[in-house]
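So this block is run-v7.tsv, TSV, C-alpha atoms and all ligand atoms:
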chain	number	residue	atom	x	y	z
A	1	MET	CA	0.00	0.00	0.00
A	2	GLN	CA	1.18	3.51	-0.71
A	3	PHE	CA	0.92	5.60	2.43
A	4	SER	CA	0.27	9.31	2.52
A	5	PRO	CA	3.51	11.32	2.22
A	6	PHE	CA	2.64	12.86	5.60
A	7	MET	CA	3.23	9.46	7.25
A	8	SER	CA	6.99	9.81	6.97
A	9	VAL	CA	7.24	10.97	10.58
A	10	GLU	CA	10.32	9.50	12.27
A	11	PRO	CA	9.65	6.95	14.98
A	12	SER	CA	10.26	8.59	18.33
A	13	ALA	CA	13.51	7.92	20.21
A	14	THR	CA	11.41	7.95	23.39
A	15	VAL	CA	9.37	5.01	22.18
A	16	ALA	CA	12.48	3.12	21.06
A	17	ILE	CA	14.15	3.41	24.49
A	18	ASN	CA	10.90	2.59	26.22
A	19	SER	CA	10.35	-0.55	24.11
A	20	LEU	CA	13.86	-1.72	24.86
A	21	ALA	CA	13.34	-1.07	28.58
A	22	LEU	CA	10.15	-3.14	28.49
A	23	LYS	CA	11.87	-5.94	26.59
A	24	GLN	CA	14.70	-6.09	29.13
A	25	LYS	CA	12.19	-6.00	31.98
A	26	ALA	CA	10.30	-8.92	30.43
A	27	LEU	CA	13.59	-10.85	30.37
A	28	GLY	CA	13.81	-10.39	34.14
A	29	LYS	CA	16.29	-7.51	34.31
A	30	ARG	CA	15.69	-4.89	37.03
A	31	ILE	CA	14.97	-1.63	35.20
A	32	TYR	CA	14.63	1.75	36.94
A	33	ASN	CA	12.21	3.78	34.88
A	34	LEU	CA	13.09	7.46	35.03
A	35	SER	CA	11.59	8.11	31.63
A	36	ALA	CA	7.84	8.12	32.29
A	37	GLY	CA	6.06	11.44	31.83
A	38	GLU	CA	3.63	10.96	34.69
A	39	PRO	CA	3.27	11.38	38.43
A	40	MET	CA	3.47	7.81	39.67
A	41	VAL	CA	1.04	8.15	42.57
A	42	ALA	CA	-2.33	6.46	42.97
A	43	THR	CA	-5.31	8.36	41.62
A	44	HIS	CA	-7.13	9.87	44.63
A	45	PRO	CA	-9.91	7.65	46.17
A	46	LEU	CA	-12.50	10.41	45.62
A	47	ILE	CA	-11.90	10.10	41.89
A	48	MET	CA	-11.92	6.29	41.94
A	49	ASP	CA	-15.20	6.30	43.89
A	50	ALA	CA	-16.81	8.64	41.36
A	51	ALA	CA	-15.82	6.28	38.54
A	52	LYS	CA	-17.23	3.26	40.42
A	53	LYS	CA	-20.45	5.17	41.08
A	54	ALA	CA	-20.75	6.07	37.39
A	55	ILE	CA	-20.43	2.38	36.51
A	56	ASP	CA	-22.97	1.35	39.17
A	57	GLU	CA	-25.40	3.97	37.89
A	58	GLY	CA	-25.04	2.68	34.34
A	59	LYS	CA	-23.41	5.81	32.92
A	60	THR	CA	-21.76	3.67	30.33
A	61	HIS	CA	-23.20	4.92	27.06
A	62	TYR	CA	-22.06	7.53	24.56
A	63	PRO	CA	-21.62	10.87	26.30
A	64	PRO	CA	-22.23	14.13	24.37
A	65	VAL	CA	-19.38	14.57	21.86
A	66	SER	CA	-18.17	17.80	23.46
A	67	GLY	CA	-18.22	16.33	26.97
A	68	ILE	CA	-20.83	15.95	29.70
A	69	PRO	CA	-22.23	19.41	30.52
A	70	GLU	CA	-21.39	19.14	34.24
A	71	LEU	CA	-17.74	18.52	33.38
A	72	ARG	CA	-17.53	21.37	30.88
A	73	HIS	CA	-18.89	23.65	33.59
A	74	ALA	CA	-16.60	22.31	36.30
A	75	ALA	CA	-13.53	22.52	34.06
A	76	THR	CA	-14.37	26.09	33.09
A	77	ASN	CA	-15.01	27.14	36.69
A	78	TRP	CA	-11.73	25.53	37.73
A	79	LEU	CA	-9.71	27.29	35.02
A	80	ASN	CA	-11.38	30.65	35.65
A	81	ALA	CA	-10.91	30.46	39.41
A	82	THR	CA	-7.37	29.10	39.33
A	83	TYR	CA	-5.83	31.11	36.52
A	84	GLN	CA	-7.87	34.32	36.36
A	85	THR	CA	-9.54	33.58	33.05
A	86	ASN	CA	-13.18	34.15	32.14
A	87	TYR	CA	-14.36	31.48	29.74
A	88	ALA	CA	-17.95	30.25	29.42
A	89	ALA	CA	-18.63	26.50	29.47
A	90	GLU	CA	-19.36	26.69	25.71
A	91	ASN	CA	-15.68	27.60	25.22
A	92	CYS	CA	-14.60	24.28	26.74
A	93	LEU	CA	-14.30	21.00	24.86
A	94	ILE	CA	-13.56	17.76	26.72
A	95	THR	CA	-11.11	15.58	24.78
A	96	ALA	CA	-9.49	12.17	25.16
A	97	GLY	CA	-6.40	13.66	26.81
A	98	GLY	CA	-4.76	17.01	26.19
A	99	LYS	CA	-2.88	15.31	23.37
A	100	PHE	CA	-6.00	14.86	21.28
A	101	GLY	CA	-6.85	18.54	21.84
A	102	LEU	CA	-3.52	19.50	20.29
A	103	TYR	CA	-3.95	16.99	17.49
A	104	ALA	CA	-7.48	18.15	16.62
A	105	PHE	CA	-6.41	21.80	16.63
A	106	PHE	CA	-3.50	21.11	14.24
A	107	GLN	CA	-5.85	19.15	12.01
A	108	ALA	CA	-8.39	21.98	12.01
A	109	ALA	CA	-5.84	24.74	11.40
A	110	ILE	CA	-3.09	23.41	9.15
A	111	THR	CA	-3.17	23.60	5.37
A	112	PRO	CA	-0.19	21.67	3.93
A	113	GLY	CA	2.79	24.02	3.73
A	114	ASP	CA	1.77	26.16	6.71
A	115	GLU	CA	4.60	26.86	9.13
A	116	VAL	CA	4.24	26.32	12.86
A	117	LEU	CA	6.63	28.01	15.28
A	118	MET	CA	7.76	25.96	18.27
A	119	MET	CA	10.70	26.29	20.63
A	120	ALA	CA	13.39	23.63	21.05
A	121	PRO	CA	13.70	21.78	23.28
A	122	TYR	CA	10.09	20.88	22.45
A	123	TRP	CA	7.70	18.19	23.59
A	124	VAL	CA	8.27	15.32	21.15
A	125	SER	CA	4.75	15.26	19.71
A	126	TYR	CA	4.55	18.87	18.43
A	127	PRO	CA	6.69	18.50	15.29
A	128	ALA	CA	5.32	15.02	14.61
A	129	MET	CA	1.67	16.16	14.80
A	130	VAL	CA	2.35	19.18	12.62
A	131	ARG	CA	3.98	16.97	9.98
A	132	LEU	CA	1.07	14.52	10.06
A	133	PHE	CA	-1.11	17.29	8.63
A	134	GLY	CA	1.46	18.48	6.08
A	135	GLY	CA	2.57	21.45	8.19
A	136	VAL	CA	6.18	22.51	8.56
A	137	PRO	CA	7.62	22.79	12.08
A	138	LYS	CA	9.77	25.93	12.37
A	139	VAL	CA	11.95	25.24	15.34
A	140	VAL	CA	13.17	28.27	17.27
A	141	PRO	CA	16.22	27.40	19.36
A	142	SER	CA	16.38	28.40	23.02
A	143	PHE	CA	19.40	28.38	25.30
A	144	PRO	CA	20.10	27.53	28.93
A	145	GLU	CA	21.81	30.92	29.37
A	146	GLN	CA	18.41	32.51	28.68
A	147	SER	CA	16.69	29.96	30.95
A	148	TRP	CA	15.43	28.19	27.78
A	149	LYS	CA	13.09	31.08	27.03
A	150	VAL	CA	12.59	32.99	23.81
A	151	GLY	CA	11.25	36.46	23.13
A	152	PRO	CA	9.61	38.18	20.15
A	153	ASP	CA	13.00	38.89	18.51
A	154	ASP	CA	13.78	35.17	18.37
A	155	LEU	CA	10.36	34.44	16.86
A	156	GLU	CA	10.69	37.27	14.36
A	157	LYS	CA	13.84	35.68	12.90
A	158	ASN	CA	11.79	32.58	12.06
A	159	LEU	CA	8.74	34.37	10.70
A	160	SER	CA	7.72	33.96	7.08
A	161	ASP	CA	4.59	34.61	5.04
A	162	LYS	CA	3.67	30.97	5.70
A	163	THR	CA	3.74	31.23	9.50
A	164	LYS	CA	0.31	30.35	10.84
A	165	ILE	CA	0.61	29.08	14.41
A	166	LEU	CA	2.81	29.60	17.45
A	167	VAL	CA	3.01	26.76	19.97
A	168	LEU	CA	3.75	27.77	23.55
A	169	ASN	CA	4.46	25.20	26.22
A	170	ASN	CA	4.33	27.02	29.51
A	171	GLY	CA	5.25	24.78	32.34
A	172	GLY	CA	7.60	23.28	29.77
A	173	ASN	CA	8.41	19.67	29.01
A	174	PRO	CA	11.36	18.91	29.15
A	175	THR	CA	12.88	22.08	30.66
A	176	GLY	CA	10.36	23.04	33.37
A	177	ILE	CA	10.36	26.68	32.23
A	178	LEU	CA	7.69	29.10	33.43
A	179	TYR	CA	7.08	32.33	31.52
A	180	THR	CA	6.36	35.42	33.63
A	181	ALA	CA	3.26	37.54	32.90
A	182	LYS	CA	5.45	40.16	31.23
A	183	GLU	CA	7.24	37.65	29.00
A	184	LEU	CA	3.98	35.98	28.03
A	185	HIS	CA	2.38	39.30	27.24
A	186	SER	CA	5.19	40.24	24.87
A	187	LEU	CA	4.96	36.88	23.02
A	188	LEU	CA	1.17	37.11	22.72
A	189	ALA	CA	1.29	40.74	21.59
A	190	TRP	CA	3.84	39.84	18.92
A	191	ALA	CA	1.67	36.97	17.67
A	192	GLN	CA	-1.40	39.19	17.56
A	193	GLU	CA	0.42	41.87	15.60
A	194	LYS	CA	1.59	39.25	13.07
A	195	LYS	CA	-1.90	37.63	12.95
A	196	ILE	CA	-0.60	34.29	14.18
A	197	MET	CA	-2.79	31.92	16.13
A	198	VAL	CA	-1.35	30.76	19.48
A	199	ILE	CA	-1.88	27.36	21.05
A	200	SER	CA	-0.72	27.31	24.66
A	201	ASP	CA	-0.09	23.88	26.13
A	202	GLU	CA	-0.52	24.31	29.88
A	203	VAL	CA	-0.91	20.71	31.06
A	204	TYR	CA	1.78	21.11	33.77
A	205	SER	CA	0.31	24.31	35.24
A	206	GLY	CA	-0.52	22.60	38.55
A	207	LEU	CA	2.99	21.26	39.10
A	208	THR	CA	4.98	24.35	40.12
A	209	TYR	CA	7.42	24.29	43.01
A	210	ASP	CA	8.76	26.53	45.77
A	211	ASP	CA	7.51	30.09	45.20
A	212	HIS	CA	7.18	29.84	41.45
A	213	ILE	CA	3.81	30.71	39.97
A	214	PHE	CA	2.15	29.77	36.75
A	215	VAL	CA	0.50	32.38	34.53
A	216	SER	CA	-1.98	31.24	31.89
A	217	ALA	CA	-1.91	32.79	28.42
A	218	ALA	CA	-5.69	33.04	28.77
A	219	SER	CA	-5.37	35.46	31.68
A	220	PHE	CA	-4.95	38.31	29.14
A	221	PRO	CA	-8.47	38.97	27.78
A	222	GLU	CA	-7.08	41.09	24.91
A	223	PHE	CA	-5.50	38.00	23.27
A	224	ARG	CA	-8.28	35.47	23.79
A	225	ASN	CA	-9.70	35.64	20.26
A	226	ASP	CA	-6.46	34.27	18.83
A	227	LEU	CA	-5.72	31.75	21.53
A	228	VAL	CA	-6.33	28.08	22.24
A	229	VAL	CA	-5.43	26.69	25.67
A	230	VAL	CA	-4.87	22.97	26.18
A	231	GLN	CA	-5.36	21.55	29.66
A	232	SER	CA	-5.53	18.07	31.10
A	233	CYS	CA	-6.43	16.02	34.16
A	234	SER	CA	-3.39	13.80	33.53
A	235	LYS	CA	-0.66	15.54	35.51
A	236	HIS	CA	-2.73	17.61	37.98
A	237	PHE	CA	-4.59	14.61	39.33
A	238	ALA	CA	-2.28	11.70	38.46
A	239	MET	CA	-4.91	10.58	35.94
A	240	THR	CA	-2.74	9.86	32.88
A	241	GLY	CA	-4.53	6.62	32.04
A	242	TRP	CA	-8.04	8.05	32.29
A	243	ARG	CA	-7.52	10.19	29.18
A	244	VAL	CA	-9.35	13.40	29.97
A	245	GLY	CA	-8.18	16.72	28.58
A	246	MET	CA	-9.79	20.09	27.92
A	247	VAL	CA	-9.49	22.69	25.20
A	248	PHE	CA	-10.51	26.30	25.87
A	249	ALA	CA	-10.97	28.42	22.77
A	250	PRO	CA	-13.27	30.84	20.92
A	251	LEU	CA	-16.63	29.28	19.94
A	252	LEU	CA	-15.88	28.88	16.25
A	253	ILE	CA	-12.76	26.85	17.02
A	254	ILE	CA	-14.60	24.73	19.59
A	255	GLU	CA	-17.22	23.96	16.93
A	256	LYS	CA	-14.58	22.80	14.43
A	257	LEU	CA	-12.77	20.67	17.01
A	258	THR	CA	-16.09	19.17	18.12
A	259	MET	CA	-16.78	18.22	14.52
A	260	ILE	CA	-13.36	16.51	14.28
A	261	GLN	CA	-14.01	14.76	17.57
A	262	SER	CA	-17.47	13.62	16.40
A	263	GLN	CA	-15.88	12.02	13.33
A	264	SER	CA	-12.95	10.44	15.20
A	265	THR	CA	-12.91	9.52	18.91
A	266	SER	CA	-16.49	10.59	19.76
A	267	GLY	CA	-14.98	12.10	22.91
A	268	ALA	CA	-13.53	10.88	26.19
A	269	SER	CA	-14.82	7.79	28.01
A	270	SER	CA	-18.03	8.49	29.96
A	271	ILE	CA	-16.66	6.83	33.13
A	272	SER	CA	-13.50	8.91	32.94
A	273	GLN	CA	-15.55	12.07	32.53
A	274	PHE	CA	-17.44	11.41	35.77
A	275	ALA	CA	-14.11	10.71	37.46
A	276	ALA	CA	-12.70	13.97	36.07
A	277	LEU	CA	-15.76	15.83	37.34
A	278	ALA	CA	-15.03	14.62	40.88
A	279	ALA	CA	-11.35	15.54	40.43
A	280	LEU	CA	-12.04	19.08	39.25
A	281	ASN	CA	-14.64	19.67	41.96
A	282	ALA	CA	-12.00	18.69	44.53
A	283	ALA	CA	-9.07	20.36	42.74
A	284	THR	CA	-8.12	22.61	45.66
A	285	LYS	CA	-7.72	19.50	47.79
A	286	ILE	CA	-6.14	17.03	45.33
A	287	VAL	CA	-3.78	19.14	43.19
A	288	PRO	CA	-1.73	20.32	46.21
A	289	LEU	CA	-1.30	16.67	47.29
A	290	VAL	CA	0.14	15.71	43.90
A	291	ARG	CA	2.24	18.88	43.78
A	292	GLN	CA	3.68	18.32	47.28
A	293	GLU	CA	4.56	14.73	46.46
A	294	MET	CA	6.23	15.74	43.18
A	295	GLN	CA	8.16	18.51	44.92
A	296	ALA	CA	9.36	15.99	47.54
A	297	ARG	CA	10.49	13.66	44.75
A	298	ARG	CA	12.21	16.49	42.92
A	299	ASP	CA	14.05	17.26	46.15
A	300	ILE	CA	15.11	13.62	46.61
A	301	PHE	CA	16.28	13.63	43.02
A	302	MET	CA	18.36	16.77	43.51
A	303	ARG	CA	19.78	15.57	46.84
A	304	VAL	CA	20.95	12.25	45.42
A	305	PHE	CA	22.05	13.35	42.00
A	306	ALA	CA	23.22	16.93	42.44
A	307	SER	CA	25.55	15.82	45.25
A	308	SER	CA	27.64	14.20	42.49
A	309	PHE	CA	26.93	16.69	39.72
A	310	HIS	CA	27.12	20.15	41.23
A	311	SER	CA	26.10	22.30	38.30
A	312	LEU	CA	22.54	20.90	38.08
A	313	SER	CA	19.81	23.22	39.27
A	314	SER	CA	16.32	22.39	40.48
A	315	PRO	CA	13.48	22.65	37.94
A	316	PHE	CA	10.69	25.12	38.79
A	317	ALA	CA	7.81	23.15	37.30
A	318	GLY	CA	6.80	19.92	35.59
A	319	LEU	CA	8.24	16.49	36.20
A	320	TYR	CA	11.65	16.63	34.61
A	321	LEU	CA	15.28	17.56	34.94
A	322	PHE	CA	16.86	18.32	31.57
A	323	ALA	CA	20.61	17.92	32.01
A	324	ALA	CA	23.58	18.52	29.73
A	325	LEU	CA	25.70	15.37	29.32
A	326	GLN	CA	28.69	17.60	29.92
A	327	ASP	CA	27.33	18.53	33.34
A	328	LEU	CA	27.12	14.82	34.14
A	329	GLY	CA	30.79	14.42	33.25
A	330	VAL	CA	29.91	12.50	30.09
A	331	PRO	CA	32.29	13.46	27.29
A	332	THR	CA	29.94	12.86	24.36
A	333	ASN	CA	27.17	14.74	22.70
A	334	ASP	CA	25.40	11.64	21.49
A	335	SER	CA	22.37	11.46	23.76
A	336	VAL	CA	20.86	8.39	22.10
A	337	SER	CA	23.99	6.24	22.58
A	338	PHE	CA	24.32	7.45	26.17
A	339	CYS	CA	20.71	6.49	26.94
A	340	TYR	CA	21.16	3.02	25.43
A	341	GLN	CA	24.32	2.58	27.49
A	342	ALA	CA	22.61	3.79	30.67
A	343	LEU	CA	19.83	1.29	30.08
A	344	ASP	CA	22.13	-1.55	29.21
A	345	GLN	CA	24.77	-1.05	31.89
A	346	ALA	CA	22.95	0.70	34.75
A	347	GLY	CA	19.41	-0.54	34.08
A	348	VAL	CA	18.16	3.07	34.06
A	349	ALA	CA	15.70	4.30	31.42
A	350	ILE	CA	16.01	8.01	30.56
A	351	VAL	CA	15.15	9.93	27.40
A	352	PRO	CA	17.69	11.33	24.92
A	353	GLY	CA	17.65	15.09	24.34
A	354	LYS	CA	17.63	14.40	20.61
A	355	ALA	CA	13.97	13.40	20.89
A	356	PHE	CA	13.25	16.96	22.08
A	357	GLY	CA	15.37	18.59	19.37
A	358	GLN	CA	18.27	19.21	21.77
A	359	GLU	CA	21.29	16.99	21.25
A	360	GLY	CA	23.80	16.69	24.10
A	361	TYR	CA	21.11	16.56	26.80
A	362	VAL	CA	19.06	13.90	28.57
A	363	ARG	CA	15.71	14.07	30.30
A	364	PHE	CA	15.14	12.51	33.71
A	365	SER	CA	11.65	12.19	35.11
A	366	PHE	CA	11.24	12.54	38.88
A	367	GLY	CA	7.65	11.31	38.74
A	368	ALA	CA	8.76	7.80	39.79
A	369	GLU	CA	8.25	6.49	43.31
A	370	ALA	CA	10.96	7.71	45.75
A	371	GLY	CA	12.74	4.33	46.21
A	372	GLU	CA	12.87	3.74	42.45
A	373	LEU	CA	14.26	7.24	41.92
A	374	GLU	CA	16.89	6.99	44.59
A	375	THR	CA	18.19	3.54	43.65
A	376	GLY	CA	18.05	4.28	39.91
A	377	LEU	CA	20.07	7.45	40.38
A	378	ARG	CA	22.66	5.69	42.52
A	379	HIS	CA	23.11	3.02	39.82
A	380	LEU	CA	23.41	5.67	37.15
A	381	THR	CA	25.92	7.72	39.15
A	382	SER	CA	28.18	4.70	39.74
A	383	PHE	CA	27.91	3.78	36.08
A	384	ILE	CA	28.95	7.29	35.00
A	385	HIS	CA	31.81	7.38	37.51
A	386	SER	CA	33.15	3.98	36.53
A	387	GLU	CA	32.66	4.43	32.80
A	388	TYR	CA	34.03	7.93	32.38
A	389	GLU	CA	36.43	8.57	35.22
A	390	LYS	CA	38.71	5.70	34.22
A	391	LYS	CA	39.15	7.24	30.77
A	401	LIG	C1	3.90	19.00	27.13
A	401	LIG	C2	2.80	17.98	27.09
A	401	LIG	N1	1.65	18.30	26.51
A	401	LIG	C3	0.64	17.43	26.43
A	401	LIG	C4	0.75	16.17	26.97
A	401	LIG	C5	-0.41	15.24	26.82
A	401	LIG	O1	-0.97	14.86	28.01
A	401	LIG	P1	-2.35	14.06	28.09
A	401	LIG	O2	-2.73	13.67	26.71
A	401	LIG	O3	-2.09	12.90	28.97
A	401	LIG	O4	-3.33	15.03	28.65
A	401	LIG	C6	1.95	15.78	27.58
A	401	LIG	C7	2.11	14.40	28.10
A	401	LIG	O5	3.17	13.96	28.46
A	401	LIG	C8	3.01	16.71	27.65
A	401	LIG	O6	4.16	16.40	28.24

Show the structure stored in the file as structure tokens.
Amino acid sequence: MQFSPFMSVEPSATVAINSLALKQKALGKRIYNLSAGEPMVATHPLIMDAAKKAIDEGKTHYPPVSGIPELRHAATNWLNATYQTNYAAENCLITAGGKFGLYAFFQAAITPGDEVLMMAPYWVSYPAMVRLFGGVPKVVPSFPEQSWKVGPDDLEKNLSDKTKILVLNNGGNPTGILYTAKELHSLLAWAQEKKIMVISDEVYSGLTYDDHIFVSAASFPEFRNDLVVVQSCSKHFAMTGWRVGMVFAPLLIIEKLTMIQSQSTSGASSISQFAALAALNAATKIVPLVRQEMQARRDIFMRVFASSFHSLSSPFAGLYLFAALQDLGVPTNDSVSFCYQALDQAGVAIVPGKAFGQEGYVRFSFGAEAGELETGLRHLTSFIHSEYEKK
């Protein structure tokens, strides 16, 4: 069969490492998984109980395509109250994970040849999704010296008459960056002036640490007509497997995405939607529990690992530490080979920076359970010391 030319998306390095880790695990090898992009804590009992109740009450049939009305209301109230936005429930679409919200938006917006601005290091799926619809990812580099942030001047250099969309990932994966209100304002004002649509992926907004605060792109009413915000229950509530996300956008966009959803997934699972409703109604209780646990794990991570590698600094948000191989004392730039070696020789699964468009770096997740984190890091540290200090 001849596949569409848009199918020539490279298989992800993340998936390759993960498959190998699973294969080795199946062969009985002890693998420490520091690659998973999820908070590995149990979903809160309140949420589980709501799902069980939905099953017992027979809420097992097709839900409305755009999501059950109670959930659209609860999600909108939560966003408005938490991030100073003022959406109506009609501006909220419930999707099967934040990922499908991004996917549906790219499908709705991209005409083949359109250029989509995104910053590297980027979340692995942005360029792949854009390519799937014939779009062209325009990758804007960012640098650790500028805290991995870009400003309008950096975007301007990558602007062309084909630029259609700007992707922001605030509460960034893999770098943990958080844009300030001032920085966000300048990016959004630039996009508005150039008539570029912005999609702001904010799925890590609840996982900020110490005194750092998250500012939503939707908190500026003057930019809302050209803005789509993607949110999710996955990270806030440790609900990655339930597959519930939300898109907040102007009505016309919600209508188009609802049409795509009606012709594809038909929406998120009804049981999961009732679970998400309980989660969002108890957000002020549950999100801080997940955040505190992730902050504690981040601190364990930094205590164990940064005691050997002094130049690493604590991430402000998200679930990841993005480290330069050089800062780990590893004298190579080849992140893929290093990750294969780390898996093979230390039994530790981590993700190569190459997958995020940033060679010479690796991504560690601190979402794993504390014991797994601590032992995995000790194995990795001894592997690095024995492998590279003898040379
Ligand atoms: C930056 C980013 N956006 C979106 C998602 C999608 O999350 P979900 O589909 O589970 O809501 C992820 C998941 O890892 C992510 O890291």

Next on the checklist: Distance limit 7 Å, reference ligand LIG 401 (chain A), atoms considered: all atoms listed in the file. Which residues make the cut? Give them as a list in words.
Outcome noted: Gly37, Glu38, Gly97, Gly98, Lys99, Phe100, Trp123, Asn169, Gly172, Asn173, Asp201, Val203, Gln231, Ser232, Cys233, Ser234, Thr240, Arg243, Val244 and Gly245 of chain A

If I wrap all listed atoms of stretch 316-330 of chain A in a box with edges along x, y and z and add 6 Å on each side, what are its centre and edge lengths in Å to one decimal, as JSON?
{"center_x": 18.8, "center_y": 18.8, "center_z": 34.1, "size_x": 36.0, "size_y": 24.6, "size_z": 21.5}

Checklist entry - atom CA of A:Glu202 and atom CA of A:Leu117, how far apart in Å? => result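 Straight-line distance from atom CA of A:Leu117 to atom CA of A:Glu202 works out to 16.7 Å.
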
Checklist entry - Which one is closest to A:Ser365: A:Ala88, A:Leu380, A:Met294, A:Leu71? Count only C-alpha atoms. => result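 When distances to A:Ser365 are compared using only C-alpha atoms, the smallest one comes from A:Met294.
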
Next on the checklist: Can you measure atom CA of A:Gly371 to atom CA of A:Pro45 for me? One decimal in Å is fine.
Outcome noted: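 Going from atom CA of A:Gly371 over to atom CA of A:Pro45 covers 22.9 Å.
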
Item to check | Distance criterion (all atoms listed in the file): nearest to A:Tyr83 out of A:Pro352, A:Pro315, A:Pro69, A:Gly206 | outcome: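 Nearest to A:Tyr83: A:Gly206.
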
Item to check | Between atom CA of A:Ser147 and atom CA of A:Leu207 - distance in Å to one decimal | outcome: 18.2 Å

Checklist entry - Which one of A:Tyr179, A:Phe105, A:Trp78, A:Phe301 sits closest to A:Thr284 if you count only C-alpha atoms? => result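 Among the listed residues, the smallest separation from A:Thr284 belongs to A:Trp78.
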
Checklist entry - For A:Asp210, which residue out of A:Thr163, A:Ser314, A:Asn158, A:Gln261 is the nearest one, using all atoms listed in the file? => result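 Closest residue, counting all atoms listed in the file: A:Ser314.
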
Item to check | Residue contacts of stretch 341-349 of chain A (7 Å, only C-alpha atoms) excluding same-chain residues fewer than 2 positions away, as a list in words | outcome: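 Contacts, with the query itself left out: Ala21, Arg30, Ile31, Tyr32, Asn33, Leu34, Ser35, Ser337, Phe338, Cys339, Val351, Gly376, His379, Leu380 and Phe383 of chain A.
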